[in-house]
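The structure appears right after this line, and notes come after that.
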Protein chains: 2
Amino acid sequence: MSTIDEVAFLAKVSVATVSRVINNNTNVSPETKERVLNAIARLKYQPNAMGALLRKEHTGMILILLHSVDNPFFSPIVQGIEYFAQSNGMNVLICTTYGDKNRENHYLDLLKSHFVDGLLLITNTLTCEELNELNRNYPVVQVVEYLPDCDASYFSIDFYQAAFSLVERLIEKGHHDIAFIHAGLADIVSTKKKYQAYCDALKKHNLEPIIEDISEHAFGYESGRTMTRELLKEHPSITAFFATSDLMACGILDELRDQGFKVPQDKSIISFDNTIFSTLVQPNLTSVDVNGFQLGYQSLEYLKKRINDKKFTDKLEVFLPYVIHERESS
Amino acid sequence: MSTIDEVAFLAKVSVATVSRVINNNTNVSPETKERVLNAIARLKYQPNAMGALLRKEHTGMILILLHSVDNPFFSPIVQGIEYFAQSNGMNVLICTTYGDKNRENHYLDLLKSHFVDGLLLITNTLTCEELNELNRNYPVVQVVEYLPDCDASYFSIDFYQAAFSLVERLIEKGHHDIAFIHAGLADIVSTKKKYQAYCDALKKHNLEPIIEDISEHAFGYESGRTMTRELLKEHPSITAFFATSDLMACGILDELRDQGFKVPQDKSIISFDNTIFSTLVQPNLTSVDVNGFQLGYQSLEYLKKRINDKKFTDKLEVFLPYVIHERESS
DNA sequence: TTGTATGCGTTATCAC
DNA sequence: GTGATAACGCATACAA
């Protein structure tokens, strides 16, 4: 592990000149540059990041906080972020919290200790106060999910509008008994908005909501199955299911199949996320695509502005367009 | 952004004492500790990571290089790594290369510049020489996929044995015409071993391999569909498909369904990875579970040893046990 | 165009 | 138990 001094010594120049060569600074004669480059190669010199970063204002590292990497829904978002990062010489640190506040705090220390320049919050367990405090001192952007009355900016889609039009389409097709199947974490904004839209759409057409309290159920596929089973017991008249995620819709589908129902002949299903799951199962699922790539891309684009300009702290509330993919399940 | 000096000044102690308090060093009287803690709280002081890291030998950061995060196969591996990291005060940097050598090199600079202490290679586009060079200078471990004749250690499973017994089970059930459906990247060791085992098992029973050259096909679901279509055209007698991944098996399944075949009555399918896909489709897929969590966990455990002891450079070639999940598809 | 010298924020080795 | 002070490796303002 050689240092800049050794390179300088070998190239018979000062460390300043070596530094200039490393950082592609002008004002270095071709000959000296050549000598320095040779010395660097000879010594297999690699600049130590910590030394350089200590002198610089930013590290070029961004922190992404999300629940886990095993949800395909996150993957386009992360790709969008990475694409922007890649194009702008930034590095992305993906950290998973699994909903654990300890892990979250641990990673937030990376932000507070200036190991990373900014934070992209895809999922979080922070309270509004905590987030405000964070947002006051560091560049922070919420992606997809957000705390509505918080000071931190966010990039998301209009879940309410998407859900409302989804439910109205079902109603137009003649469905009256529409069940709402949601994830256990019912306090996230996307689920709230979807539920609100679901209720409002039904109300507009004088219909009654059918939901199930699922405080005990797990998130995801199994949850979809269980809730479907419970709901059908009490409400056999249900003809359509509104799932808040693809994976839950898969659970609904399998449960319906097991009970001998055909989709969409007997029951319809609509869902959100438009992940690979929605086209992997038969029948393919009607699902809302949130355009995660753009969401991720623009989030980092905005975060970068905040990083580079401390004065730029306007709260942004951005809703990007979504796309409803109508498929066989409805 | 306050520094250690300001804290020292406010607490009327030296920076050394503040440092001692921060690092839970002994030899600090309760009273001074109290004063320092108060000053830290008052100033909302956060130690700057770069300053500290410049003095320390390690950063506690580990780099994971993988193709992309959207493959559920990687998720237990990453979880295993993170679990060990979490328990050992390490941080994990997940970086995705999308098979792009530029991106890979970019991230490898994090290793070379000592931003991270070690490297976990889940997928890579390195040549054996490049990997050897890397392994000579930095702690590196390959996970799941590996370059067989390279100096770098790896943790994987015995793909050959798993594939062999999988194919033999098919043969025992009376299948003679068994097709091999593989990913486009046929030069990765797992695919090679699977193919070799497939051929050897058939040979042992005097059967002929049926494969398709897929240099042009995409990786994944669509690839499975296309190859199945092509193969069935030429070899309608095929009764079983060996897929090298779950996602491809899904493609096979859908193509067979579209052609009016029933699984497993008309055709059988076996596959690898045992991701969520294998139980999401109907019928559920017979699949090999590689125990990614353990693979990830033990990889980092070993990497940590290498990081802490520069002399410890023995090449390890570890094959962990796998589990074959026999399900409805075969 | 190049070199000197200083500082970035922290830790650790000495003294006391 | 505490305080000076010298590193750590690099970038840069200022001189030359």
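Every chain in the structure tokens takes a letter, A first, then B, and so on in the order presented; its residues are numbered from 1, and the ligands are numbered from 1 following the presented order.
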Residues of chain C within 7 Å of chain A, only C-alpha atoms (C1' of nucleotides) counted, as a PDB file with C-alpha atoms (C1' of nucleotides), in the first residue's frame:
```pdb
ATOM      1  C1'  DT C   1       4.578  24.809 -14.424  1.00  0.00           C
ATOM      2  C1'  DG C   3       6.851  23.200  -4.862  1.00  0.00           C
ATOM      3  C1'  DC C   8      -9.326  18.316   6.849  1.00  0.00           C
TER       4       DC C   8
END
```
Closest pair table for chain A residues within 8 Å of chain B, only C-alpha atoms, as CSV:
```
residue,atom,partner,partner_atom,distance
A:Gln46,CA,B:Ser113,CA,5.8
A:Pro47,CA,B:Ser113,CA,5.7
A:Asn48,CA,B:Ser113,CA,4.7
A:Ala49,CA,B:Ser113,CA,5.2
A:Met50,CA,B:Leu54,CA,5.3
A:Gly51,CA,B:Leu54,CA,6.1
A:Leu53,CA,B:Met50,CA,6.6
A:Leu54,CA,B:Met50,CA,5.4
A:Val69,CA,B:Ser75,CA,6.2
A:Asp70,CA,B:Ser75,CA,5.3
A:Asn71,CA,B:Asp70,CA,7.9
A:Pro72,CA,B:Asp70,CA,5.6
A:Ser75,CA,B:Asp70,CA,5.3
A:Gln86,CA,B:Arg103,CA,7.9
A:Val92,CA,B:Cys95,CA,7.2
A:Leu93,CA,B:Leu93,CA,5.3
A:Ile94,CA,B:Ile94,CA,5.5
A:Cys95,CA,B:Val92,CA,7.2
A:Arg103,CA,B:Gln86,CA,7.9
A:Leu110,CA,B:Ala49,CA,7.9
A:Lys112,CA,B:Gln46,CA,6.4
A:Ser113,CA,B:Asn48,CA,4.7
A:His114,CA,B:Asn48,CA,6.1
A:Phe115,CA,B:Ala49,CA,5.9
A:Cys250,CA,B:Leu280,CA,7.3
A:Leu280,CA,B:Cys250,CA,7.3
A:Val281,CA,B:Val281,CA,6.0
```
As a ChimeraX atom specification, please: all residues of range 98-287 of chain A that backbone DSSP puts in strand (DSSP E or B).
-> /A:118-121,140-143,153-157,178-181,210-211,240-243,268-272,286-287
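Each of B:Lys315, B:His325, B:Lys12, B:Lys233 was compared to chain D using only C-alpha atoms (C1' of nucleotides), and B:Lys12 turns out to be the nearest.
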Residues of chain D within 10 Å of chain B, only C-alpha atoms (C1' of nucleotides) counted, as a PDB file with C-alpha atoms (C1' of nucleotides), in the first residue's frame:
```pdb
ATOM      1  C1'  DG D   1      -7.202  10.372  34.657  1.00  0.00           C
ATOM      2  C1'  DT D   2      -5.899  13.871  31.403  1.00  0.00           C
ATOM      3  C1'  DG D   3      -3.497  16.758  27.888  1.00  0.00           C
ATOM      4  C1'  DA D   4      -0.132  17.789  24.010  1.00  0.00           C
ATOM      5  C1'  DA D   7       0.356  11.003  12.652  1.00  0.00           C
ATOM      6  C1'  DC D   8      -3.305   9.234   8.883  1.00  0.00           C
ATOM      7  C1'  DG D   9      -3.248  10.506   3.145  1.00  0.00           C
TER       8       DG D   9
END
```
Could you check how far CA of Leu316 in chain B sits from CA of Ser299 in chain B, in Å to one decimal?
-> 10.2 Å
Give me the residues within 8 Å of Ala249 in chain A as an MDAnalysis selection string, counting only C-alpha atoms (C1' of nucleotides) and dropping any in the same chain fewer than 2 places off.
-> chainID A and resid 221 224 243:247 251:253 269:271 285
